[in-house]
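Quick look at protein08.csv (CSV, C-alpha atoms and all ligand atoms):
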```
chain,number,residue,atom,x,y,z
A,1,MET,CA,0.0,0.0,0.0
A,2,THR,CA,1.4,3.4,-0.9
A,3,SER,CA,1.3,6.4,1.4
A,4,ASP,CA,-1.4,7.8,-0.9
A,5,GLU,CA,-3.6,4.9,-0.2
A,6,HIS,CA,-3.0,5.3,3.5
A,7,ASP,CA,-4.4,8.8,3.3
A,8,LEU,CA,-7.6,7.7,1.6
A,9,ALA,CA,-10.7,7.1,3.7
A,10,ILE,CA,-12.8,6.0,0.7
A,11,GLU,CA,-12.1,4.8,-2.7
A,12,THR,CA,-14.7,3.6,-5.3
A,13,ASN,CA,-14.2,2.0,-8.6
A,14,ASP,CA,-17.0,2.0,-11.2
A,15,LEU,CA,-19.7,1.8,-8.7
A,16,VAL,CA,-23.1,1.0,-10.2
A,17,LYS,CA,-26.6,0.7,-8.8
A,18,ILE,CA,-29.6,-0.4,-10.8
A,19,TYR,CA,-32.9,-0.5,-8.9
A,20,SER,CA,-35.4,-2.9,-10.3
A,21,GLY,CA,-39.0,-3.1,-9.3
A,22,ASN,CA,-42.5,-3.4,-10.5
A,23,GLY,CA,-43.9,-0.7,-12.7
A,24,PHE,CA,-47.4,0.7,-12.7
A,25,LEU,CA,-50.0,-1.9,-11.6
A,26,LYS,CA,-47.1,-4.4,-11.4
A,27,LYS,CA,-47.4,-5.0,-15.2
A,28,ASN,CA,-43.8,-4.6,-16.1
A,29,ARG,CA,-40.4,-4.6,-14.6
A,30,VAL,CA,-38.8,-1.2,-14.3
A,31,GLU,CA,-35.1,-0.6,-14.0
A,32,THR,CA,-33.6,2.6,-12.8
A,33,LEU,CA,-29.9,3.3,-13.3
A,34,ALA,CA,-29.4,5.3,-10.2
A,35,VAL,CA,-25.6,5.3,-10.0
A,36,ASP,CA,-23.7,4.9,-13.2
A,37,GLY,CA,-20.0,4.1,-12.8
A,38,VAL,CA,-18.9,6.4,-10.0
A,39,ASN,CA,-15.2,6.7,-9.1
A,40,LEU,CA,-14.4,8.6,-5.9
A,41,SER,CA,-11.2,9.2,-3.9
A,42,ILE,CA,-11.9,10.7,-0.5
A,43,ARG,CA,-9.0,11.7,1.7
A,44,LYS,CA,-9.0,11.2,5.5
A,45,GLY,CA,-10.2,14.3,7.4
A,46,GLU,CA,-11.7,16.0,4.4
A,47,ILE,CA,-15.2,17.3,4.0
A,48,PHE,CA,-16.2,15.8,0.7
A,49,GLY,CA,-19.2,17.3,-1.0
A,50,LEU,CA,-21.6,15.5,-3.3
A,51,LEU,CA,-23.8,18.0,-5.0
A,52,GLY,CA,-26.6,17.3,-7.4
A,53,PRO,CA,-30.3,17.8,-8.3
A,54,ASN,CA,-33.1,15.6,-7.1
A,55,GLY,CA,-32.7,12.0,-8.2
A,56,ALA,CA,-29.1,12.4,-9.1
A,57,GLY,CA,-27.9,9.4,-7.1
A,58,LYS,CA,-26.5,11.1,-4.0
A,59,THR,CA,-28.4,9.1,-1.4
A,60,THR,CA,-27.9,5.9,-3.3
A,61,THR,CA,-24.1,6.4,-3.4
A,62,ILE,CA,-23.9,7.2,0.3
A,63,LYS,CA,-26.1,4.2,1.2
A,64,MET,CA,-23.8,1.9,-0.7
A,65,LEU,CA,-20.7,3.3,1.0
A,66,ALA,CA,-22.4,3.0,4.4
A,67,THR,CA,-23.1,-0.6,3.6
A,68,ILE,CA,-26.9,-0.2,3.8
A,69,LEU,CA,-27.4,-1.0,0.2
A,70,LEU,CA,-25.4,-3.5,-2.0
A,71,PRO,CA,-24.2,-2.1,-5.3
A,72,THR,CA,-25.2,-3.9,-8.6
A,73,SER,CA,-21.5,-3.9,-9.5
A,74,GLY,CA,-18.2,-2.1,-8.8
A,75,LYS,CA,-15.8,-1.9,-6.0
A,76,ALA,CA,-15.4,0.3,-3.0
A,77,THR,CA,-13.3,0.4,0.2
A,78,VAL,CA,-14.1,2.4,3.3
A,79,LEU,CA,-11.1,2.8,5.7
A,80,GLY,CA,-9.4,0.0,3.8
A,81,TYR,CA,-12.3,-2.4,4.2
A,82,ASP,CA,-14.1,-3.8,1.2
A,83,ILE,CA,-17.9,-3.0,1.2
A,84,TRP,CA,-18.6,-6.5,-0.2
A,85,LYS,CA,-16.5,-8.5,2.2
A,86,ASP,CA,-16.2,-6.5,5.4
A,87,PRO,CA,-19.4,-4.5,5.9
A,88,VAL,CA,-19.3,-5.3,9.7
A,89,GLU,CA,-15.9,-3.8,10.1
A,90,ILE,CA,-17.0,-0.7,8.2
A,91,ARG,CA,-20.2,-0.3,10.2
A,92,LYS,CA,-18.3,-0.1,13.5
A,93,ARG,CA,-16.2,2.8,12.2
A,94,ILE,CA,-18.8,4.9,10.4
A,95,ASN,CA,-22.2,6.5,10.9
A,96,LEU,CA,-24.9,8.1,8.8
A,97,VAL,CA,-27.1,11.0,9.4
A,98,SER,CA,-30.0,11.9,7.1
A,99,GLY,CA,-31.8,15.1,7.1
A,100,GLY,CA,-35.5,15.1,8.0
A,101,GLU,CA,-37.5,13.7,10.9
A,102,ARG,CA,-36.9,10.0,10.9
A,103,GLY,CA,-34.5,7.9,12.9
A,104,LEU,CA,-35.1,9.0,16.5
A,105,TYR,CA,-37.4,7.7,19.2
A,106,TYR,CA,-39.9,10.5,19.9
A,107,ARG,CA,-41.5,9.1,23.1
A,108,VAL,CA,-38.2,9.2,25.1
A,109,SER,CA,-35.7,11.9,25.9
A,110,GLY,CA,-32.8,13.0,23.9
A,111,ARG,CA,-30.4,11.6,26.5
A,112,GLN,CA,-32.2,8.2,26.4
A,113,ASN,CA,-32.0,8.2,22.6
A,114,LEU,CA,-28.2,8.7,22.7
A,115,ARG,CA,-27.8,6.0,25.3
A,116,PHE,CA,-29.9,3.6,23.3
A,117,PHE,CA,-27.9,4.1,20.1
A,118,SER,CA,-24.6,3.9,22.0
A,119,ASP,CA,-25.7,0.5,23.2
A,120,LEU,CA,-26.5,-0.6,19.7
A,121,TYR,CA,-22.8,0.1,19.0
A,122,LYS,CA,-21.8,-1.7,22.1
A,123,VAL,CA,-20.1,1.3,23.6
A,124,PRO,CA,-18.9,0.3,27.1
A,125,ARG,CA,-21.1,2.0,29.7
A,126,HIS,CA,-18.4,4.1,31.3
A,127,ILE,CA,-17.5,5.6,28.0
A,128,ARG,CA,-21.1,5.8,26.9
A,129,ASP,CA,-22.3,8.0,29.8
A,130,ARG,CA,-19.4,10.4,29.5
A,131,ARG,CA,-19.7,10.6,25.7
A,132,VAL,CA,-23.5,11.1,25.7
A,133,GLU,CA,-23.0,14.1,28.0
A,134,GLU,CA,-20.2,15.5,25.8
A,135,LEU,CA,-22.4,15.1,22.7
A,136,LEU,CA,-25.4,16.8,24.3
A,137,GLU,CA,-23.1,19.6,25.3
A,138,MET,CA,-21.7,19.8,21.8
A,139,VAL,CA,-25.1,20.1,20.1
A,140,ASN,CA,-26.3,22.4,22.9
A,141,LEU,CA,-29.0,20.1,24.2
A,142,THR,CA,-27.7,19.5,27.7
A,143,GLU,CA,-30.6,21.3,29.3
A,144,ALA,CA,-33.2,19.8,27.0
A,145,GLY,CA,-31.6,16.4,27.4
A,146,ASP,CA,-34.3,14.9,29.6
A,147,ARG,CA,-37.2,16.3,27.6
A,148,ARG,CA,-39.1,14.0,25.2
A,149,VAL,CA,-37.9,14.3,21.6
A,150,GLU,CA,-41.5,14.9,20.4
A,151,ASP,CA,-41.4,18.2,22.2
A,152,TYR,CA,-38.2,19.3,20.4
A,153,SER,CA,-38.2,21.9,17.7
A,154,ARG,CA,-37.0,20.8,14.3
A,155,GLY,CA,-33.6,22.3,14.8
A,156,MET,CA,-33.2,20.5,18.1
A,157,LYS,CA,-34.1,17.2,16.5
A,158,GLN,CA,-31.6,17.8,13.8
A,159,ARG,CA,-28.9,18.6,16.3
A,160,LEU,CA,-29.8,15.4,18.2
A,161,HIS,CA,-29.5,13.6,14.9
A,162,ILE,CA,-25.9,14.8,14.5
A,163,ALA,CA,-25.2,13.7,18.1
A,164,ARG,CA,-26.7,10.3,17.3
A,165,GLY,CA,-24.4,10.0,14.4
A,166,LEU,CA,-21.4,10.5,16.7
A,167,VAL,CA,-22.2,7.9,19.5
A,168,ASN,CA,-19.7,5.4,18.1
A,169,ASP,CA,-17.0,8.1,17.6
A,170,PRO,CA,-17.0,7.3,13.8
A,171,GLU,CA,-14.0,7.9,11.6
A,172,VAL,CA,-16.2,8.6,8.7
A,173,LEU,CA,-19.5,10.4,9.0
A,174,PHE,CA,-22.0,10.4,6.1
A,175,LEU,CA,-24.3,13.4,6.2
A,176,ASP,CA,-27.2,13.2,3.7
A,177,GLU,CA,-28.6,16.8,3.4
A,178,PRO,CA,-28.1,17.6,7.0
A,179,THR,CA,-29.3,21.1,6.9
A,180,ILE,CA,-32.4,20.5,4.7
A,181,GLY,CA,-35.3,22.6,5.8
A,182,LEU,CA,-33.5,24.3,8.7
A,183,ASP,CA,-33.5,28.0,9.5
A,184,PRO,CA,-30.5,29.8,8.2
A,185,GLU,CA,-29.2,30.4,11.7
A,186,ILE,CA,-29.5,26.7,12.8
A,187,ALA,CA,-28.0,25.6,9.5
A,188,HIS,CA,-25.1,27.9,10.2
A,189,ASP,CA,-24.6,26.4,13.6
A,190,LEU,CA,-24.7,22.9,12.1
A,191,ARG,CA,-22.1,23.9,9.5
A,192,GLY,CA,-19.8,25.1,12.3
A,193,MET,CA,-20.2,21.7,14.0
A,194,ILE,CA,-19.4,19.9,10.8
A,195,ARG,CA,-16.3,22.0,10.4
A,196,ASN,CA,-15.1,21.3,13.9
A,197,LEU,CA,-15.6,17.6,13.4
A,198,ALA,CA,-13.4,17.6,10.3
A,199,GLN,CA,-10.8,19.6,12.2
A,200,GLY,CA,-10.8,16.9,14.8
A,201,GLY,CA,-10.0,14.4,12.1
A,202,THR,CA,-13.4,12.9,11.2
A,203,THR,CA,-13.9,12.4,7.5
A,204,ILE,CA,-17.2,13.9,6.4
A,205,VAL,CA,-19.1,12.9,3.3
A,206,LEU,CA,-21.8,15.4,2.7
A,207,THR,CA,-24.6,15.6,0.2
A,208,THR,CA,-26.4,18.9,-0.4
A,209,HIS,CA,-28.5,20.9,-2.7
A,210,TYR,CA,-27.2,24.1,-1.3
A,211,MET,CA,-24.4,25.5,-3.4
A,212,GLY,CA,-23.3,28.0,-0.7
A,213,GLU,CA,-23.1,25.2,1.9
A,214,ALA,CA,-20.8,23.1,-0.4
A,215,GLU,CA,-18.7,26.2,-1.2
A,216,GLU,CA,-18.3,27.1,2.5
A,217,LEU,CA,-17.5,23.6,3.8
A,218,CYS,CA,-16.0,21.4,1.2
A,219,GLY,CA,-12.5,20.9,0.0
A,220,ASP,CA,-13.5,19.1,-3.1
A,221,ILE,CA,-17.0,19.1,-4.6
A,222,ASN,CA,-18.3,16.4,-6.9
A,223,MET,CA,-21.2,17.3,-9.0
A,224,ILE,CA,-23.4,14.3,-9.8
A,225,CYS,CA,-26.1,14.2,-12.3
A,226,ASN,CA,-28.1,11.1,-13.7
A,227,GLY,CA,-25.8,8.9,-11.6
A,228,LYS,CA,-22.6,10.2,-13.1
A,229,ILE,CA,-20.0,12.5,-11.7
A,230,VAL,CA,-20.0,15.4,-14.2
A,231,ALA,CA,-17.3,17.5,-12.5
A,232,SER,CA,-15.1,17.5,-9.5
A,233,GLY,CA,-12.6,19.7,-7.9
A,234,PRO,CA,-12.3,22.6,-5.4
A,235,PRO,CA,-15.1,25.2,-5.8
A,236,SER,CA,-12.7,27.6,-7.5
A,237,MET,CA,-11.9,25.1,-10.1
A,238,LEU,CA,-15.5,24.4,-10.8
A,239,LYS,CA,-16.2,28.1,-11.2
A,240,ASP,CA,-13.4,28.3,-13.8
A,241,LEU,CA,-15.5,26.0,-16.0
A,242,VAL,CA,-17.9,29.0,-16.5
A,243,ARG,CA,-15.5,31.8,-16.2
A,244,ASP,CA,-15.9,32.8,-19.8
A,245,LYS,CA,-19.7,32.5,-19.8
A,246,THR,CA,-21.8,35.6,-20.0
A,247,VAL,CA,-24.2,35.5,-17.1
A,248,ILE,CA,-26.9,38.2,-16.7
A,249,GLU,CA,-29.5,39.0,-14.2
A,250,ILE,CA,-32.8,40.8,-14.9
A,251,GLU,CA,-34.8,42.2,-12.1
A,252,ILE,CA,-38.5,42.4,-12.8
A,253,LEU,CA,-41.4,43.9,-10.9
A,254,GLU,CA,-44.7,42.0,-11.1
A,255,PRO,CA,-43.3,39.6,-13.7
A,256,TYR,CA,-45.4,38.5,-16.5
A,257,LEU,CA,-44.8,34.7,-16.7
A,258,ALA,CA,-45.7,34.1,-20.3
A,259,ALA,CA,-43.1,36.6,-21.4
A,260,ILE,CA,-40.5,34.9,-19.2
A,261,GLU,CA,-41.3,31.6,-20.7
A,262,SER,CA,-40.7,33.1,-24.1
A,263,VAL,CA,-37.3,34.3,-23.0
A,264,LYS,CA,-36.5,30.8,-21.8
A,265,ALA,CA,-37.4,29.5,-25.2
A,266,LEU,CA,-35.0,31.8,-27.0
A,267,GLU,CA,-32.1,30.1,-28.8
A,268,GLY,CA,-28.7,31.0,-27.3
A,269,ILE,CA,-30.0,31.3,-23.8
A,270,SER,CA,-29.5,28.5,-21.3
A,271,SER,CA,-29.6,27.7,-17.7
A,272,VAL,CA,-32.4,30.1,-16.9
A,273,THR,CA,-33.4,30.3,-13.3
A,274,MET,CA,-35.9,32.6,-11.6
A,275,LYS,CA,-36.0,33.5,-8.0
A,276,GLY,CA,-38.6,35.7,-6.2
A,277,ASP,CA,-42.3,35.9,-6.3
A,278,SER,CA,-45.2,37.5,-8.2
A,279,SER,CA,-44.2,41.0,-7.0
A,280,ARG,CA,-40.5,40.9,-7.7
A,281,ALA,CA,-38.3,38.4,-9.4
A,282,ILE,CA,-34.8,37.9,-10.5
A,283,LEU,CA,-34.1,36.0,-13.7
A,284,ARG,CA,-30.6,34.7,-14.2
A,285,ALA,CA,-29.5,33.3,-17.5
A,286,HIS,CA,-26.4,32.2,-19.4
A,287,LEU,CA,-26.0,33.8,-22.8
A,288,GLU,CA,-24.2,31.6,-25.4
A,289,ASP,CA,-23.3,34.5,-27.7
A,290,GLY,CA,-22.5,37.2,-25.2
A,291,ILE,CA,-24.3,40.5,-24.4
A,292,ASP,CA,-25.4,41.1,-27.9
A,293,MET,CA,-28.6,39.2,-27.1
A,294,ILE,CA,-29.7,41.6,-24.4
A,295,PRO,CA,-31.9,43.8,-26.8
A,296,THR,CA,-33.7,40.6,-28.0
A,297,ILE,CA,-34.4,39.5,-24.5
A,298,ALA,CA,-35.6,43.0,-23.4
A,299,SER,CA,-38.0,43.1,-26.3
A,300,ARG,CA,-39.4,39.7,-25.4
A,301,LEU,CA,-40.0,41.1,-21.9
A,302,GLN,CA,-42.0,44.1,-23.1
A,303,GLY,CA,-44.9,44.8,-20.9
A,304,ASN,CA,-42.8,43.8,-17.8
A,305,ARG,CA,-41.3,46.4,-15.5
A,306,LEU,CA,-37.6,45.8,-15.7
A,307,ILE,CA,-35.7,47.6,-13.0
A,308,ARG,CA,-32.2,46.2,-13.7
A,309,ILE,CA,-30.3,44.3,-16.3
A,310,SER,CA,-26.7,43.5,-15.2
A,311,SER,CA,-23.9,41.3,-16.2
A,312,GLU,CA,-22.7,39.0,-13.4
A,313,GLU,CA,-19.6,37.2,-12.3
A,314,PRO,CA,-20.3,33.4,-12.9
A,315,SER,CA,-20.9,31.6,-9.6
A,316,LEU,CA,-20.6,28.0,-8.4
A,317,GLU,CA,-24.3,27.8,-9.0
A,318,ASP,CA,-23.8,28.8,-12.6
A,319,ALA,CA,-21.2,26.1,-13.0
A,320,TYR,CA,-23.7,23.6,-11.6
A,321,MET,CA,-26.6,24.8,-13.7
A,322,SER,CA,-24.5,24.7,-16.8
A,323,LEU,CA,-23.3,21.1,-16.1
A,324,VAL,CA,-26.7,19.9,-15.2
A,325,THR,CA,-28.3,21.4,-18.3
A,326,ASN,CA,-25.7,20.0,-20.6
A,327,ASN,CA,-25.9,16.6,-19.0
A,328,ASP,CA,-29.7,16.5,-19.3
A,329,GLN,CA,-29.4,17.1,-23.0
A,330,SER,CA,-27.2,14.0,-23.5
B,1,LIG,N1,-35.7,2.2,-3.5
B,1,LIG,C1,-35.7,2.6,-4.7
B,1,LIG,N2,-36.3,1.9,-5.7
B,1,LIG,C2,-36.3,2.3,-7.0
B,1,LIG,N3,-35.7,3.5,-7.4
B,1,LIG,C3,-35.1,4.2,-6.5
B,1,LIG,C4,-35.0,3.9,-5.1
B,1,LIG,N4,-34.4,4.8,-4.5
B,1,LIG,C5,-34.0,5.7,-5.4
B,1,LIG,N5,-34.4,5.4,-6.6
B,1,LIG,C6,-34.2,6.1,-7.9
B,1,LIG,O1,-32.8,6.2,-8.1
B,1,LIG,C7,-32.5,7.5,-8.5
B,1,LIG,C8,-31.5,8.2,-7.6
B,1,LIG,O2,-32.1,8.4,-6.4
B,1,LIG,P1,-31.4,9.0,-5.1
B,1,LIG,O3,-32.3,8.9,-3.9
B,1,LIG,O4,-30.1,8.3,-4.9
B,1,LIG,O5,-31.1,10.5,-5.5
B,1,LIG,P2,-30.7,11.8,-4.7
B,1,LIG,O6,-29.6,12.4,-5.5
B,1,LIG,O7,-30.4,11.4,-3.3
B,1,LIG,O8,-32.0,12.7,-4.8
B,1,LIG,P3,-32.6,13.8,-3.8
B,1,LIG,O9,-31.8,15.0,-4.0
B,1,LIG,O10,-34.0,13.9,-4.2
B,1,LIG,O11,-32.5,13.2,-2.4
B,1,LIG,C9,-33.8,8.2,-8.7
B,1,LIG,O12,-34.2,8.1,-10.1
B,1,LIG,C10,-34.7,7.5,-7.8
B,1,LIG,O13,-36.0,7.6,-8.3
B,2,MG,MG,-31.2,12.0,-1.5
```

Turn this file's structure into structure tokens for me.
Amino acid sequence: MTSDEHDLAIETNDLVKIYSGNGFLKKNRVETLAVDGVNLSIRKGEIFGLLGPNGAGKTTTIKMLATILLPTSGKATVLGYDIWKDPVEIRKRINLVSGGERGLYYRVSGRQNLRFFSDLYKVPRHIRDRRVEELLEMVNLTEAGDRRVEDYSRGMKQRLHIARGLVNDPEVLFLDEPTIGLDPEIAHDLRGMIRNLAQGGTTIVLTTHYMGEAEELCGDINMICNGKIVASGPPSMLKDLVRDKTVIEIEILEPYLAAIESVKALEGISSVTMKGDSSRAILRAHLEDGIDMIPTIASRLQGNRLIRISSEEPSLEDAYMSLVTNNDQS
């Protein structure tokens, strides 16, 4: 084994997952190619980001690495152990936290939850009790530790989830959309916790929809689309992919949706996104042929109250949109 291999927490080789099940009214077999030949190298102690749209294959990839789901084919090692041959060794050393509400016992307290999950991992009692207190402290639930989880707010539950993911002091922690649906402030706190864990040496594999989160936390980002890694590298490198793109923003008061649809349909305009609401919206678009298209766009938007048209620095989100759009066409 070379020193490089010693530094790797996870390595995958052509990992494939095909789900097969019954289609509508069980009339036919349906196969879904969820993960399509993924190769990853994740260094120890890094925060590795897997970013992609709904259905891209993020959760499936993470579940295979966490040995919850068997791949259809391909190889992977986690901490040097083979996911096919040594799942038990892997499970002792990892943990998985998924965003959302499931995975905790609501009728009992936060403290009891952590003790219960520690026992599942056979953590010796003297270590367990001390660690549970440390974890409650870390996620700021010491005072609420004896309250029933059903009385916790969403943010408290999510913090308890993180603590639950740490009961076995894992070397690798998989976080599947850990901040989904949380208030910005709570999400910010959680990101701080994730960063601290990585600084303490834990390898973190994180999936997210949030570009800003990936940019803030991750050393390397891997963009996944239709089960394939379409780009990987540090955020700055991914931004370079779109450095030469012309990106514009148009701010519109009381946007007239039909006109916006007709802008989207224009040739030479791609990756159109719109944020805002019916009183004020921002349309962001990539122009294939540069700013010469702006007059055409403006004329399509006649009748709308345009208050700003500006040229923008391409962001990580633009890189992502561009990659996802191109990949969908293939
Ligand atoms: N148990 C399953 N049976 C059949 N198909 C599945 C199953 N789980 C996922 N899929 C399909 O596999 C593909 C990848 O799903 P996956 O959940 O891995 O995506 P994801 O990137 O995590 O998406 P999201 O952002 O919505 O969480 C999708 O097409 C999905 O419909
Ligand atoms: Mg998912």

Residues at most 8 Å from A:Leu253, counting all atoms listed in the file, excluding those fewer than 6 positions away in the same chain, as a short mmCIF file (atom, residue, chain, number, x, y, z; two decimals) with C-alpha atoms, keeping the file's coordinate frame?
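Written output follows (part-v8.cif):
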```cif
data_model
loop_
_atom_site.label_atom_id
_atom_site.label_comp_id
_atom_site.auth_asym_id
_atom_site.auth_seq_id
_atom_site.Cartn_x
_atom_site.Cartn_y
_atom_site.Cartn_z
CA SER A 278 -45.20 37.50 -8.20
CA SER A 279 -44.20 41.00 -7.00
CA ARG A 280 -40.50 40.90 -7.70
CA ALA A 281 -38.30 38.40 -9.40
CA ASN A 304 -42.80 43.80 -17.80
CA ARG A 305 -41.30 46.40 -15.50
CA LEU A 306 -37.60 45.80 -15.70
CA ILE A 307 -35.70 47.60 -13.00
#
```

| request: Step by step, measure atom-to-atom distances between ligand MG 2 (chain B) and each residue using all atoms listed in the file, keep those at most 10 Å, then write them as a PyMOL selection string. | output: chain A and resi 52-63+98-99+176-177+207-209

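Between atom CA of A:Asn95 and atom CA of A:Cys218 there is a distance of 18.8 Å.
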
| Near A:Thr12, within 6 Å and counting all atoms listed in the file, which residues show up once chain neighbours fewer than 6 positions away are dropped, as an MDAnalysis selection string? | chainID A and resid 39:40 75:76

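Comparing A:Met223, A:Met193, A:Leu323, A:Leu120 by their smallest distance to ligand LIG 1 (chain B), the closest is A:Met223 (using all atoms listed in the file).
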
| field | Residues within 12 Å of (-23.4, 28.0, -9.8), file coords, all atoms listed in the file, listed as a PyMOL selection string | value | chain A and resi 51-52+209-212+214-215+223+235-243+245+247+271-273+284-286+312-325

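For the residues A:Leu283, A:Leu206, A:Leu79, A:Val108, ranking by smallest atom-to-atom distance to ligand LIG 1 (chain B) using all atoms listed in the file places A:Leu206 first.
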
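Residues in contact with A:Leu15 at up to 10 Å, not including ones fewer than 4 positions away on its chain and judged by all atoms listed in the file, are Val35, Asp36, Gly37, Val38, Asn39, Leu40, Thr61, Met64, Leu65, Pro71, Thr72, Ser73, Gly74, Lys75, Ala76, Gly227 and Lys228 of chain A.
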
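Comparing the minimum interatomic distances between ligand LIG 1 (chain B) and each of A:Glu134, A:Asp82, A:Asp151, A:Glu31, counting only C-alpha atoms and all ligand atoms, we find that A:Glu31 sits nearest.
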
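Checking A:Ile224, A:Gln112, A:Ala298, A:Asp183 one by one against ligand LIG 1 (chain B), counting all atoms listed in the file, you find the shortest gap at A:Ile224.
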
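Remark: for A:Gly219, the closest of the candidate residues A:Val16, A:Leu160, A:Ile47, A:Leu257 is A:Ile47 (distances computed over only C-alpha atoms).
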
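Relative to atom CA of A:Leu104, atom CA of A:Tyr19 is found at 27.2 Å.
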
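Residue nearest A:Arg195 within the list A:Asn226, A:Leu136, A:Pro87, A:Phe48: A:Phe48 [criterion: smallest interatomic distance, all atoms listed in the file].
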
N, CA and C atoms restored at stretch 138-151 of chain A, emitted as an mmCIF file, in the coordinates of the input:
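That gives us part36.cif:
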```cif
data_model
loop_
_atom_site.group_PDB
_atom_site.id
_atom_site.type_symbol
_atom_site.label_atom_id
_atom_site.label_comp_id
_atom_site.auth_asym_id
_atom_site.auth_seq_id
_atom_site.Cartn_x
_atom_site.Cartn_y
_atom_site.Cartn_z
ATOM 1 N N MET A 138 -22.130 19.367 23.084
ATOM 2 C CA MET A 138 -21.700 19.800 21.800
ATOM 3 C C MET A 138 -22.830 20.345 20.917
ATOM 4 N N VAL A 139 -23.968 19.674 20.986
ATOM 5 C CA VAL A 139 -25.100 20.100 20.100
ATOM 6 C C VAL A 139 -26.056 20.998 20.937
ATOM 7 N N ASN A 140 -25.565 21.447 22.086
ATOM 8 C CA ASN A 140 -26.300 22.400 22.900
ATOM 9 C C ASN A 140 -27.687 21.912 23.307
ATOM 10 N N LEU A 141 -27.707 20.672 23.765
ATOM 11 C CA LEU A 141 -29.000 20.100 24.200
ATOM 12 C C LEU A 141 -28.872 19.592 25.673
ATOM 13 N N THR A 142 -27.844 20.017 26.382
ATOM 14 C CA THR A 142 -27.700 19.500 27.700
ATOM 15 C C THR A 142 -28.930 19.767 28.581
ATOM 16 N N GLU A 143 -29.434 20.989 28.507
ATOM 17 C CA GLU A 143 -30.600 21.300 29.300
ATOM 18 C C GLU A 143 -31.850 20.612 28.897
ATOM 19 N N ALA A 144 -31.970 20.445 27.572
ATOM 20 C CA ALA A 144 -33.200 19.800 27.000
ATOM 21 C C ALA A 144 -33.034 18.277 27.022
ATOM 22 N N GLY A 145 -31.893 17.771 27.519
ATOM 23 C CA GLY A 145 -31.600 16.400 27.400
ATOM 24 C C GLY A 145 -32.611 15.414 27.970
ATOM 25 N N ASP A 146 -33.339 15.837 28.999
ATOM 26 C CA ASP A 146 -34.300 14.900 29.600
ATOM 27 C C ASP A 146 -35.733 15.155 29.090
ATOM 28 N N ARG A 147 -35.867 16.090 28.152
ATOM 29 C CA ARG A 147 -37.200 16.300 27.600
ATOM 30 C C ARG A 147 -37.448 15.275 26.453
ATOM 31 N N ARG A 148 -38.735 14.942 26.277
ATOM 32 C CA ARG A 148 -39.100 14.000 25.200
ATOM 33 C C ARG A 148 -38.793 14.621 23.844
ATOM 34 N N VAL A 149 -38.282 13.814 22.948
ATOM 35 C CA VAL A 149 -37.900 14.300 21.600
ATOM 36 C C VAL A 149 -39.099 14.901 20.879
ATOM 37 N N GLU A 150 -40.299 14.349 21.155
ATOM 38 C CA GLU A 150 -41.500 14.900 20.400
ATOM 39 C C GLU A 150 -41.727 16.343 20.766
ATOM 40 N N ASP A 151 -41.179 16.805 21.880
ATOM 41 C CA ASP A 151 -41.400 18.200 22.200
ATOM 42 C C ASP A 151 -40.227 19.107 21.673
#
```
